[in-house]
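Next comes structure.txt, with compact mmCIF, C-alpha atoms and all ligand atoms.
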# COMPACT_ATOMS: atom_id res chain seq x y z
CA MET P 8 3.09 23.40 -1.96
CA ARG P 9 1.23 23.79 1.34
CA THR P 10 -2.49 23.07 1.14
CA PRO P 11 -5.17 23.41 3.86
CA LEU P 12 -4.75 19.71 4.66
CA CYS P 13 -1.13 20.44 5.65
CA THR P 14 -2.40 22.88 8.25
CA THR P 15 -4.99 20.36 9.49
CA LEU P 16 -2.34 17.68 9.97
CA GLY P 17 0.55 19.94 10.98
CA ILE P 18 2.86 19.03 8.09
CA ASP P 19 4.92 21.09 5.61
CA LEU P 20 4.34 19.15 2.39
CA PRO P 21 1.21 17.36 1.15
CA ILE P 22 3.26 14.31 0.16
CA PHE P 23 1.86 11.15 1.77
CA ALA P 24 4.01 8.04 1.62
CA PHE P 25 2.61 4.57 2.16
CA SER P 26 5.21 2.02 3.25
CA HIS P 27 5.42 -1.22 5.23
CA CYS P 28 8.85 -0.10 6.37
CA ARG P 29 9.08 1.93 9.55
CA ASP P 30 12.37 3.60 8.52
CA VAL P 31 10.70 5.02 5.41
CA VAL P 32 7.65 6.23 7.36
CA ALA P 33 9.77 8.05 9.92
CA ALA P 34 12.10 9.52 7.28
CA VAL P 35 9.22 10.90 5.18
CA SER P 36 7.55 12.54 8.17
CA ARG P 37 10.88 13.96 9.33
CA ALA P 38 11.42 15.46 5.85
CA GLY P 39 8.11 17.34 6.11
CA GLY P 40 5.78 14.87 4.38
CA PHE P 41 3.45 12.37 6.02
CA GLY P 42 4.57 8.76 6.38
CA VAL P 43 1.88 6.08 6.65
CA LEU P 44 2.77 2.65 7.99
CA GLY P 45 1.04 -0.26 6.25
CA ALA P 46 -0.06 -2.46 9.14
CA VAL P 47 -1.56 -5.36 7.21
CA GLY P 48 1.32 -7.78 7.78
CA PHE P 49 1.89 -6.98 11.45
CA PRO P 50 0.22 -8.89 14.29
CA PRO P 51 -0.79 -6.36 17.00
CA ASP P 52 2.25 -6.99 19.23
CA GLN P 53 4.62 -6.41 16.30
CA LEU P 54 2.70 -3.30 15.25
CA GLU P 55 3.21 -1.97 18.79
CA ILE P 56 6.98 -2.41 18.34
CA GLU P 57 6.92 -0.68 14.93
CA CYS P 58 4.90 2.30 16.23
CA ARG P 59 7.12 2.66 19.26
CA TRP P 60 10.17 2.72 16.98
CA ILE P 61 8.60 5.36 14.74
CA ASP P 62 7.61 7.45 17.80
CA GLU P 63 11.27 7.46 18.83
CA HIS P 64 12.59 8.36 15.36
CA VAL P 65 10.05 10.82 13.99
CA GLY P 66 10.75 13.75 16.33
CA ASP P 67 7.62 15.80 16.91
CA ARG P 68 6.16 14.97 13.48
CA PRO P 69 2.88 13.13 12.92
CA TYR P 70 2.41 9.92 10.94
CA GLY P 71 -0.38 7.54 9.95
CA VAL P 72 -1.28 3.86 10.12
CA ASP P 73 -3.01 2.02 7.29
CA ILE P 74 -5.28 -0.95 7.87
CA VAL P 75 -7.23 -3.12 5.45
CA ILE P 76 -10.90 -3.85 6.07
CA PRO P 77 -12.31 -4.79 2.68
CA GLY P 78 -15.94 -3.99 1.86
CA LYS P 79 -16.36 -7.65 0.89
CA TYR P 80 -14.41 -10.76 1.88
CA GLU P 81 -14.87 -14.43 2.71
CA GLY P 82 -15.92 -15.01 6.33
CA MET P 83 -17.16 -11.43 6.80
CA GLY P 84 -19.15 -11.12 10.02
CA GLU P 85 -16.94 -13.45 12.12
CA THR P 86 -15.25 -11.21 14.68
CA ASP P 87 -13.11 -13.78 16.50
CA PRO P 88 -9.74 -14.02 14.66
CA ALA P 89 -9.10 -17.64 15.81
CA LYS P 90 -12.56 -18.86 14.73
CA LEU P 91 -12.29 -17.00 11.43
CA GLU P 92 -8.90 -18.55 10.72
CA ALA P 93 -10.15 -22.09 11.46
CA MET P 94 -13.21 -21.55 9.27
CA LEU P 95 -11.17 -20.19 6.37
CA LEU P 96 -8.46 -22.84 6.61
CA ALA P 97 -11.12 -25.50 6.15
CA ALA P 98 -12.32 -23.71 3.00
CA VAL P 99 -8.95 -23.75 1.16
CA PRO P 100 -8.96 -26.49 -1.52
CA GLU P 101 -6.01 -28.87 -1.38
CA GLU P 102 -5.69 -28.52 -5.17
CA HIS P 103 -4.70 -24.87 -4.78
CA ARG P 104 -2.04 -25.62 -2.18
CA ARG P 105 -0.60 -28.40 -4.39
CA PHE P 106 -0.57 -26.11 -7.43
CA ALA P 107 1.27 -23.33 -5.56
CA ASP P 108 3.77 -25.80 -4.13
CA LYS P 109 4.48 -27.33 -7.53
CA LEU P 110 5.00 -23.88 -9.07
CA LEU P 111 7.68 -23.11 -6.50
CA ALA P 112 9.30 -26.52 -6.90
CA ASP P 113 9.32 -26.18 -10.71
CA HIS P 114 11.19 -22.89 -10.32
CA GLY P 115 13.71 -24.31 -7.86
CA VAL P 116 12.60 -22.35 -4.79
CA PRO P 117 13.65 -24.27 -1.65
CA LYS P 118 11.36 -24.95 1.33
CA LEU P 119 11.83 -22.81 4.46
CA PRO P 120 14.47 -24.20 6.81
CA PRO P 121 12.92 -26.19 9.69
CA GLY P 122 11.91 -23.87 12.52
CA GLU P 123 11.80 -20.72 10.37
CA LYS P 124 8.58 -18.82 10.96
CA PRO P 125 6.32 -18.68 7.91
CA VAL P 126 4.35 -15.54 7.06
CA ASN P 127 1.06 -15.29 8.98
CA GLU P 128 -1.54 -16.88 6.69
CA LEU P 129 -4.45 -14.78 7.89
CA LEU P 130 -3.13 -11.30 7.35
CA GLY P 131 -4.79 -8.28 8.92
CA TRP P 132 -7.19 -7.79 6.06
CA THR P 133 -10.42 -8.58 7.87
CA ALA P 134 -12.35 -6.58 10.49
CA ALA P 135 -11.48 -9.28 13.05
CA THR P 136 -7.73 -8.86 12.52
CA ALA P 137 -7.69 -5.11 11.81
CA ASN P 138 -9.56 -4.02 14.95
CA PRO P 139 -6.76 -5.04 17.33
CA GLN P 140 -4.33 -3.15 15.05
CA ILE P 141 -6.46 -0.01 15.41
CA ASP P 142 -6.35 -0.43 19.21
CA VAL P 143 -2.57 -0.38 19.00
CA ALA P 144 -2.38 2.59 16.62
CA LEU P 145 -4.68 4.71 18.78
CA ARG P 146 -2.39 4.25 21.77
CA HIS P 147 0.28 6.30 19.94
CA PRO P 148 -0.36 10.06 20.11
CA LYS P 149 1.78 10.88 17.04
CA VAL P 150 -0.53 8.74 14.90
CA LYS P 151 -2.80 11.45 13.50
CA LEU P 152 -4.52 9.52 10.73
CA ILE P 153 -5.85 6.02 10.20
CA ALA P 154 -6.35 4.98 6.57
CA ASN P 155 -8.36 2.07 5.26
CA ALA P 156 -7.87 0.24 1.98
CA LEU P 157 -10.41 -1.70 -0.08
CA GLY P 158 -13.67 -0.20 1.11
CA THR P 159 -15.54 2.16 3.43
CA PRO P 160 -14.56 1.16 6.96
CA PRO P 161 -17.36 0.06 9.32
CA ALA P 162 -19.16 2.89 11.18
CA ASP P 163 -17.79 1.79 14.57
CA VAL P 164 -14.21 2.09 13.28
CA ILE P 165 -14.80 5.62 11.99
CA GLU P 166 -16.47 6.59 15.27
CA ARG P 167 -13.61 5.19 17.31
CA VAL P 168 -10.98 7.01 15.26
CA HIS P 169 -12.88 10.29 15.45
CA ALA P 170 -13.58 9.93 19.18
CA SER P 171 -9.82 9.63 19.71
CA GLY P 172 -9.26 12.96 17.90
CA ARG P 173 -7.72 11.38 14.78
CA PHE P 174 -8.61 11.72 11.11
CA MET P 175 -9.85 8.85 8.98
CA ALA P 176 -8.81 8.36 5.34
CA ALA P 177 -9.96 5.74 2.85
CA LEU P 178 -8.79 4.71 -0.60
CA CYS P 179 -11.05 4.42 -3.62
CA GLY P 180 -10.92 3.71 -7.33
CA ALA P 181 -14.27 5.13 -8.45
CA PRO P 182 -16.47 8.19 -7.71
CA LYS P 183 -19.24 5.93 -6.34
CA GLN P 184 -16.89 4.53 -3.69
CA ALA P 185 -15.69 8.06 -2.92
CA ARG P 186 -19.28 9.23 -2.32
CA ALA P 187 -19.87 6.28 0.01
CA HIS P 188 -16.72 7.27 1.94
CA ARG P 189 -17.88 10.87 2.24
CA GLU P 190 -21.35 9.85 3.40
CA ALA P 191 -19.80 7.62 6.06
CA GLY P 192 -17.84 10.59 7.41
CA ILE P 193 -14.37 9.91 5.99
CA ASP P 194 -12.17 13.02 6.36
CA VAL P 195 -9.64 12.42 3.56
CA ILE P 196 -10.30 10.46 0.38
CA VAL P 197 -7.46 8.89 -1.57
CA ALA P 198 -8.29 8.50 -5.28
CA GLN P 199 -6.06 5.76 -6.64
CA GLY P 200 -5.76 5.39 -10.40
CA GLY P 201 -5.39 1.93 -11.93
CA GLU P 202 -1.69 2.39 -12.70
CA GLY P 203 -0.97 2.42 -8.95
CA GLY P 204 0.82 -0.35 -7.10
CA GLY P 205 -0.97 -2.85 -4.86
CA HIS P 206 -4.74 -3.32 -4.91
CA THR P 207 -6.16 -1.07 -7.51
CA GLY P 208 -9.08 -0.41 -9.85
CA ASP P 209 -8.91 -0.09 -13.61
CA VAL P 210 -9.51 3.61 -14.29
CA GLY P 211 -6.36 5.67 -14.90
CA SER P 212 -5.33 8.52 -12.60
CA VAL P 213 -5.79 11.42 -15.02
CA VAL P 214 -9.38 10.35 -15.62
CA LEU P 215 -10.18 9.31 -12.04
CA TRP P 216 -8.78 12.17 -9.95
CA PRO P 217 -11.01 15.01 -11.25
CA GLN P 218 -14.09 12.79 -11.09
CA VAL P 219 -13.47 11.94 -7.44
CA ILE P 220 -12.52 15.53 -6.55
CA ASP P 221 -15.80 16.80 -8.03
CA ALA P 222 -17.86 13.98 -6.51
CA VAL P 223 -16.86 14.66 -2.91
CA ALA P 224 -15.99 18.39 -2.80
CA PRO P 225 -15.19 20.00 -0.40
CA THR P 226 -13.81 16.82 1.25
CA PRO P 227 -10.03 16.84 0.66
CA VAL P 228 -8.81 14.35 -1.94
CA LEU P 229 -5.29 12.96 -2.26
CA ALA P 230 -4.25 11.89 -5.75
CA ALA P 231 -2.65 8.44 -5.94
CA GLY P 232 -1.49 6.08 -8.64
CA GLY P 233 1.57 6.63 -10.78
CA ILE P 234 3.20 9.56 -8.98
CA GLY P 235 6.97 9.61 -9.17
CA SER P 236 7.83 13.22 -9.95
CA GLY P 237 7.05 16.75 -8.83
CA ARG P 238 5.56 17.47 -12.27
CA GLN P 239 2.83 14.97 -11.49
CA ILE P 240 2.26 16.57 -8.08
CA ALA P 241 1.76 19.92 -9.78
CA ALA P 242 -0.77 18.29 -12.14
CA ALA P 243 -2.63 16.69 -9.22
CA LEU P 244 -2.84 19.97 -7.27
CA ALA P 245 -3.89 21.80 -10.43
CA MET P 246 -6.79 19.37 -10.75
CA GLY P 247 -7.94 20.21 -7.22
CA ALA P 248 -6.25 17.52 -5.14
CA GLN P 249 -5.00 18.67 -1.73
CA GLY P 250 -1.96 16.45 -1.92
CA VAL P 251 -0.58 13.19 -3.24
CA TRP P 252 -0.51 9.67 -1.82
CA THR P 253 2.43 7.61 -3.07
CA GLY P 254 3.49 3.99 -2.59
CA SER P 255 5.72 2.45 -5.23
CA ILE P 256 8.50 5.04 -5.22
CA TRP P 257 9.38 4.21 -1.61
CA LEU P 258 10.19 0.59 -2.45
CA THR P 259 13.61 1.49 -3.87
CA VAL P 260 14.77 4.18 -1.42
CA ALA P 261 17.91 3.53 0.60
CA GLU P 262 15.90 3.10 3.80
CA ALA P 263 13.55 0.44 2.37
CA GLU P 264 14.04 -3.12 3.46
CA ALA P 265 14.09 -5.48 0.48
CA PRO P 266 16.19 -8.43 -0.63
CA PRO P 267 18.74 -7.16 -3.21
CA ALA P 268 17.28 -9.42 -5.92
CA GLN P 269 13.84 -7.87 -5.43
CA ARG P 270 15.20 -4.34 -5.47
CA ASP P 271 17.16 -5.09 -8.65
CA ALA P 272 14.02 -6.45 -10.33
CA LEU P 273 12.20 -3.20 -9.51
CA LEU P 274 15.08 -1.01 -10.69
CA ALA P 275 15.27 -2.90 -14.00
CA ALA P 276 11.52 -3.04 -14.73
CA THR P 277 9.79 -0.79 -17.24
CA SER P 278 6.28 0.62 -17.03
CA ARG P 279 5.03 -2.21 -19.26
CA ASP P 280 6.20 -4.95 -16.91
CA THR P 281 3.30 -4.83 -14.43
CA VAL P 282 -0.06 -6.60 -14.43
CA ARG P 283 -3.24 -6.47 -12.31
CA SER P 284 -3.49 -9.96 -10.90
CA ARG P 285 -5.56 -11.76 -8.24
CA SER P 286 -2.92 -14.46 -7.94
CA PHE P 287 -1.46 -13.49 -4.55
CA THR P 288 -4.23 -11.89 -2.52
CA GLY P 289 -7.51 -12.76 -4.27
CA LYS P 290 -8.29 -9.15 -5.26
CA PRO P 291 -6.86 -7.32 -8.30
CA CYS P 292 -3.44 -6.06 -7.27
CA ARG P 293 -0.82 -4.45 -9.51
CA MET P 294 2.55 -6.20 -9.42
CA LEU P 295 5.44 -7.19 -11.68
CA ARG P 296 4.27 -9.77 -14.17
CA ASN P 297 6.16 -13.06 -13.92
CA ALA P 298 5.77 -16.84 -14.23
CA TRP P 299 3.60 -16.94 -11.09
CA THR P 300 1.06 -14.37 -12.34
CA ASP P 301 1.01 -16.03 -15.79
CA ALA P 302 0.45 -19.51 -14.30
CA TRP P 303 -2.61 -18.43 -12.27
CA ASP P 304 -3.99 -16.76 -15.37
CA ALA P 305 -3.48 -19.72 -17.74
CA PRO P 306 -6.54 -21.69 -18.90
CA GLY P 307 -6.88 -25.07 -17.20
CA ASN P 308 -5.03 -24.02 -14.03
CA PRO P 309 -6.81 -23.34 -10.71
CA LYS P 310 -8.33 -19.86 -10.52
CA PRO P 311 -7.34 -17.60 -7.61
CA LEU P 312 -9.67 -17.82 -4.59
CA GLY P 313 -11.24 -14.76 -2.96
CA MET P 314 -9.66 -12.61 -0.24
CA PRO P 315 -8.42 -13.71 2.31
CA LEU P 316 -8.42 -17.35 1.13
CA GLN P 317 -5.95 -16.87 -1.71
CA PHE P 318 -3.25 -15.51 0.61
CA MET P 319 -3.71 -18.58 2.82
CA VAL P 320 -2.56 -20.49 -0.27
CA THR P 321 0.25 -18.07 -1.17
CA ALA P 322 1.64 -17.09 2.27
CA ASP P 323 4.15 -19.94 2.10
CA ALA P 324 5.26 -18.79 -1.36
CA VAL P 325 5.69 -15.20 -0.14
CA ALA P 326 7.88 -16.38 2.76
CA ARG P 327 9.96 -18.73 0.61
CA THR P 328 10.48 -16.34 -2.29
CA HIS P 329 11.49 -13.59 0.13
CA ARG P 330 13.91 -15.91 1.94
CA TYR P 331 15.46 -17.20 -1.32
CA ALA P 332 14.95 -14.06 -3.40
CA ASP P 333 17.96 -14.70 -5.64
CA LYS P 334 16.45 -18.05 -6.72
CA ALA P 335 12.87 -16.88 -6.90
CA LYS P 336 12.81 -13.96 -9.32
CA ASP P 337 10.28 -15.61 -11.64
CA VAL P 338 7.69 -16.39 -8.97
CA MET P 339 8.12 -13.59 -6.42
CA PHE P 340 5.36 -11.27 -5.19
CA ASN P 341 6.44 -7.80 -6.34
CA PRO P 342 3.54 -5.40 -5.84
CA VAL P 343 4.38 -2.14 -7.62
CA GLY P 344 2.74 0.34 -9.98
CA GLN P 345 3.54 1.39 -13.52
CA VAL P 346 5.70 4.18 -12.11
CA VAL P 347 8.28 1.42 -11.62
CA GLY P 348 9.61 2.49 -15.03
CA MET P 349 10.69 5.79 -13.43
CA MET P 350 12.33 4.09 -10.43
CA ASN P 351 15.88 3.67 -11.67
CA GLU P 352 18.17 4.54 -8.79
CA VAL P 353 18.44 4.11 -5.03
CA ARG P 354 18.34 7.39 -3.11
CA PRO P 355 17.64 8.32 0.51
CA VAL P 356 14.09 9.44 1.37
CA LYS P 357 15.21 13.00 2.06
CA ASP P 358 16.67 13.36 -1.46
CA VAL P 359 13.53 11.94 -3.03
CA ILE P 360 11.37 14.44 -1.17
CA TYR P 361 13.65 17.37 -2.05
CA ARG P 362 13.63 16.39 -5.71
CA LEU P 363 9.82 16.11 -5.72
CA VAL P 364 9.60 19.64 -4.32
CA GLU P 365 12.15 21.01 -6.80
CA GLU P 366 10.39 19.41 -9.76
CA TYR P 367 7.06 20.72 -8.51
CA LEU P 368 8.43 24.28 -8.37
CA GLU P 369 9.96 23.93 -11.86
CA ALA P 370 6.63 22.68 -13.19
CA VAL P 371 4.72 25.63 -11.72
CA GLU P 372 7.28 28.06 -13.19
CA ARG P 373 7.16 26.29 -16.54
CA LEU P 374 3.40 26.63 -16.63
CA GLN P 375 3.65 30.35 -15.93
CA SER P 376 6.40 30.94 -18.45
CA VAL P 377 4.85 28.89 -21.25
CA THR P 378 1.53 30.69 -20.94
CA ALA P 379 3.30 34.06 -20.60
CA ALA P 380 5.28 33.27 -23.75
CA GLY P 381 2.08 32.28 -25.53
CA ALA P 382 0.40 35.53 -24.52
CA SER P 383 3.23 37.77 -25.75
C1 LIG P 401 4.04 -2.83 -2.20
C2 LIG P 401 2.73 -2.13 -2.03
C3 LIG P 401 1.87 -2.55 -1.03
C4 LIG P 401 0.68 -1.86 -0.80
N1 LIG P 401 -0.12 -2.25 0.23
C5 LIG P 401 -1.16 -1.45 0.59
C6 LIG P 401 -1.88 -1.67 1.80
O1 LIG P 401 -1.61 -2.62 2.54
N2 LIG P 401 -2.85 -0.80 2.14
C7 LIG P 401 -3.15 0.31 1.34
O2 LIG P 401 -3.99 1.11 1.71
N3 LIG P 401 -2.51 0.51 0.18
C8 LIG P 401 -1.51 -0.32 -0.20
N4 LIG P 401 -0.83 -0.06 -1.35
C9 LIG P 401 -1.25 1.07 -2.21
C10 LIG P 401 -0.62 2.37 -1.74
O3 LIG P 401 -1.20 2.79 -0.52
C11 LIG P 401 -0.82 3.47 -2.76
O4 LIG P 401 -2.19 3.79 -2.85
C12 LIG P 401 -0.29 3.17 -4.13
O5 LIG P 401 0.99 2.62 -4.03
C13 LIG P 401 -0.27 4.44 -4.98
O6 LIG P 401 0.15 4.20 -6.29
P1 LIG P 401 1.71 4.20 -6.70
O7 LIG P 401 2.20 2.86 -6.29
O8 LIG P 401 1.69 4.36 -8.17
O9 LIG P 401 2.39 5.31 -5.97
C14 LIG P 401 0.33 -0.76 -1.63
C15 LIG P 401 1.19 -0.37 -2.65
C16 LIG P 401 2.38 -1.04 -2.87
C17 LIG P 401 3.29 -0.58 -3.98

Now, as a test, write the supplied structure out as structure tokens.
Ligand SMILES: Cc1cc2nc3c(=O)[nH]c(=O)nc-3n(C[C@H](O)[C@H](O)[C@H](O)COP(=O)(O)O)c2cc1C
Amino acid sequence: MRTPLCTTLGIDLPIFAFSHCRDVVAAVSRAGGFGVLGAVGFPPDQLEIECRWIDEHVGDRPYGVDIVIPGKYEGMGETDPAKLEAMLLAAVPEEHRRFADKLLADHGVPKLPPGEKPVNELLGWTAATANPQIDVALRHPKVKLIANALGTPPADVIERVHASGRFMAALCGAPKQARAHREAGIDVIVAQGGEGGGHTGDVGSVVLWPQVIDAVAPTPVLAAGGIGSGRQIAAALAMGAQGVWTGSIWLTVAEAEAPPAQRDALLAATSRDTVRSRSFTGKPCRMLRNAWTDAWDAPGNPKPLGMPLQFMVTADAVARTHRYADKAKDVMFNPVGQVVGMMNEVRPVKDVIYRLVEEYLEAVERLQSVTAAGAS
């Protein structure tokens, strides 16, 4: 399964695993893949703690850090995080806060206990908040790759990452975005099909991957969106991808941190239970469909704001539904892709990786034997 990108990064398997959970990141890299820590929810001091922990648990293996600097967002241009937050807070309509609060109350989700820290309302998805995260990541020598979601990162970010000897990756959902990444000097392009979890476009993987691969050749492309088996990895490599970038399947591994009610919802869901919705973050994001996503979509109700304003409305809901997950199933934020229908059991990371490799080998053999049988 080794591809040239494995040699570049010093890894055994071209299986990239996005996760917000440090245990998953370290376990994937230890198993020969490449774990990537999603930094968006971590203030810089917390990210420092997470990276230090991974450094201590990943042996001599490399890993990555993922940041989010969208190509377009409200308040773009303001580089001072405190000023940006004040400016954005003033722009959030009271009507939206009231609507979100009522939705939670109608579904019986309690308020946070007094003194409990709410989720940070201005997440790291602006240049102002992501830059300090990059500073942290670049202080850790085992971080070999910085990835950016939602757009081509600014030139100074790419320069800084390259000057430190690291590689820069960026996600995309269309060949045009992929070309812009390549022209900006991105080293690895992640082509994410619309069935993928989290923020995603609307073109399916099987159609998107070859278009992006052709558009940016010879820049290495990782295939993302919907991958949950080694058969799909074989298909992605056959199309010319140099590896795969996965997210959803790591949500239900033994090492992943999740309230049991949330994990159960993921294990029970089918591939038809997700929807692309702007209701939590302001940009289209694939998640489990529930009463919350339906309410923000219903005529007559407030429409979701842009990024990052909408999360300033929903941060309280995310904290409360996480805290009271067993009471909040109908209104919880469950970002996940359509591959959720293949996520039916809890297994350790190492087993998941081994099975992906086994299935990949079986798929390659099957291809050889079916065509050999056809030829005879
Ligand atoms: C819960 C969740 C959160 C995500 N958050 C981010 C993120 O912060 N940054 C990012 O680059 N991608 C994020 N993604 C997308 C993943 O990096 C990856 O591209 C996607 O999960 C691939 O599709 P799959 O879910 O079908 O494997 C997220 C995905 C999930 C499931």

Please provide the set of residues having any atom within 9 Å of P:Arg354, restricted to only C-alpha atoms, with same-chain residues fewer than 2 positions apart removed, written as a PDB file with C-alpha atoms, in the frame of the given file.
ATOM      1  CA  THR P 259      13.610   1.490  -3.870  1.00  0.00           C
ATOM      2  CA  VAL P 260      14.770   4.180  -1.420  1.00  0.00           C
ATOM      3  CA  ALA P 261      17.910   3.530   0.600  1.00  0.00           C
ATOM      4  CA  GLU P 262      15.900   3.100   3.800  1.00  0.00           C
ATOM      5  CA  GLU P 352      18.170   4.540  -8.790  1.00  0.00           C
ATOM      6  CA  VAL P 356      14.090   9.440   1.370  1.00  0.00           C
ATOM      7  CA  LYS P 357      15.210  13.000   2.060  1.00  0.00           C
ATOM      8  CA  ASP P 358      16.670  13.360  -1.460  1.00  0.00           C
ATOM      9  CA  VAL P 359      13.530  11.940  -3.030  1.00  0.00           C
TER      10      VAL P 359
END

**Prompt:** ligand LIG 401 (chain P): which residues are within 9 Å, counting only C-alpha atoms and all ligand atoms, as a ChimeraX atom specification?
**Reply:** /P:24-27,43-48,73-75,132,154-157,177-179,197-207,230-235,251-258,292-294,341-347

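For P:Glu57, the set of protein, DNA and RNA residues having any atom at most 9 Å away, when counting all atoms listed in the file and skipping those fewer than 6 positions along the same chain, is P:Cys28, P:Arg29, P:Leu44, P:Phe49.
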
**Among listed residues P:Met175, P:Arg285, P:Asp323, P:Asp280, nearest P:Asn297 (using only C-alpha atoms)** =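 With only C-alpha atoms as the atom set, the closest residue is P:Asp280.
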
**Request:** Please identify all polymer residues within 7 Å of stretch 102-113 of chain P, counting only C-alpha atoms, omitting same-chain residues fewer than 4 positions from it, and present them as a ChimeraX atom specification.
**Result:** /P:309,320-321

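Of note, atom CA of P:Val32 and atom CA of P:Ala144 are spaced 14.1 Å apart.
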
**Request:** Would you mind listing what lies within 6 Å of stretch 13-20 of chain P as a list of chain:residue names, with only C-alpha atoms counted and same-chain residues fewer than 3 positions away left out?
**Result:**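 Within the cut-off, the hits are P:Arg9, P:Thr10, P:Gly39, P:Gly40.
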
Next, write the just-selected residues to a file, as a JSON list (two decimals), in the frame of the given file, keeping C-alpha atoms as the atom set.
[["chain", "number", "residue", "atom", "x", "y", "z"],
["P", 9, "ARG", "CA", 1.23, 23.79, 1.34],
["P", 10, "THR", "CA", -2.49, 23.07, 1.14],
["P", 39, "GLY", "CA", 8.11, 17.34, 6.11],
["P", 40, "GLY", "CA", 5.78, 14.87, 4.38]]

**Request:** Could you check how far atom CA of P:Ala305 sits from atom CA of P:Thr281, in Å to one decimal?
**Result:** 16.7 Å

Complete the atom set of stretch 292-303 of chain P to N, CA, C and O atoms and return it as a PDB file, in the frame of the given file.
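Below is the file selection_28.pdb, written as the result:
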ATOM      1  N   CYS P 292      -4.576  -6.733  -7.920  1.00  0.00           N
ATOM      2  CA  CYS P 292      -3.440  -6.060  -7.270  1.00  0.00           C
ATOM      3  C   CYS P 292      -2.388  -5.872  -8.362  1.00  0.00           C
ATOM      4  O   CYS P 292      -2.080  -6.823  -9.084  1.00  0.00           O
ATOM      5  N   ARG P 293      -1.835  -4.650  -8.473  1.00  0.00           N
ATOM      6  CA  ARG P 293      -0.820  -4.450  -9.510  1.00  0.00           C
ATOM      7  C   ARG P 293       0.554  -4.858  -8.994  1.00  0.00           C
ATOM      8  O   ARG P 293       0.948  -4.495  -7.893  1.00  0.00           O
ATOM      9  N   MET P 294       1.250  -5.620  -9.818  1.00  0.00           N
ATOM     10  CA  MET P 294       2.550  -6.200  -9.420  1.00  0.00           C
ATOM     11  C   MET P 294       3.371  -6.451 -10.686  1.00  0.00           C
ATOM     12  O   MET P 294       2.835  -6.364 -11.805  1.00  0.00           O
ATOM     13  N   LEU P 295       4.645  -6.793 -10.512  1.00  0.00           N
ATOM     14  CA  LEU P 295       5.440  -7.190 -11.680  1.00  0.00           C
ATOM     15  C   LEU P 295       4.869  -8.486 -12.218  1.00  0.00           C
ATOM     16  O   LEU P 295       4.562  -9.410 -11.461  1.00  0.00           O
ATOM     17  N   ARG P 296       4.736  -8.539 -13.536  1.00  0.00           N
ATOM     18  CA  ARG P 296       4.270  -9.770 -14.170  1.00  0.00           C
ATOM     19  C   ARG P 296       5.420 -10.781 -14.184  1.00  0.00           C
ATOM     20  O   ARG P 296       6.566 -10.428 -14.421  1.00  0.00           O
ATOM     21  N   ASN P 297       5.121 -12.021 -13.873  1.00  0.00           N
ATOM     22  CA  ASN P 297       6.160 -13.060 -13.920  1.00  0.00           C
ATOM     23  C   ASN P 297       5.500 -14.428 -14.123  1.00  0.00           C
ATOM     24  O   ASN P 297       4.305 -14.513 -14.416  1.00  0.00           O
ATOM     25  N   ALA P 298       6.292 -15.493 -13.958  1.00  0.00           N
ATOM     26  CA  ALA P 298       5.770 -16.840 -14.230  1.00  0.00           C
ATOM     27  C   ALA P 298       4.623 -17.198 -13.282  1.00  0.00           C
ATOM     28  O   ALA P 298       3.722 -17.947 -13.648  1.00  0.00           O
ATOM     29  N   TRP P 299       4.667 -16.671 -12.064  1.00  0.00           N
ATOM     30  CA  TRP P 299       3.600 -16.940 -11.090  1.00  0.00           C
ATOM     31  C   TRP P 299       2.276 -16.325 -11.559  1.00  0.00           C
ATOM     32  O   TRP P 299       1.240 -16.991 -11.597  1.00  0.00           O
ATOM     33  N   THR P 300       2.308 -15.029 -11.926  1.00  0.00           N
ATOM     34  CA  THR P 300       1.060 -14.370 -12.340  1.00  0.00           C
ATOM     35  C   THR P 300       0.530 -15.017 -13.625  1.00  0.00           C
ATOM     36  O   THR P 300      -0.676 -15.201 -13.776  1.00  0.00           O
ATOM     37  N   ASP P 301       1.446 -15.382 -14.533  1.00  0.00           N
ATOM     38  CA  ASP P 301       1.010 -16.030 -15.790  1.00  0.00           C
ATOM     39  C   ASP P 301       0.359 -17.383 -15.499  1.00  0.00           C
ATOM     40  O   ASP P 301      -0.653 -17.737 -16.102  1.00  0.00           O
ATOM     41  N   ALA P 302       0.954 -18.158 -14.574  1.00  0.00           N
ATOM     42  CA  ALA P 302       0.450 -19.510 -14.300  1.00  0.00           C
ATOM     43  C   ALA P 302      -0.987 -19.459 -13.750  1.00  0.00           C
ATOM     44  O   ALA P 302      -1.832 -20.263 -14.133  1.00  0.00           O
ATOM     45  N   TRP P 303      -1.270 -18.506 -12.860  1.00  0.00           N
ATOM     46  CA  TRP P 303      -2.610 -18.430 -12.270  1.00  0.00           C
ATOM     47  C   TRP P 303      -3.632 -17.874 -13.256  1.00  0.00           C
ATOM     48  O   TRP P 303      -4.832 -17.907 -13.001  1.00  0.00           O
TER      49      TRP P 303
END
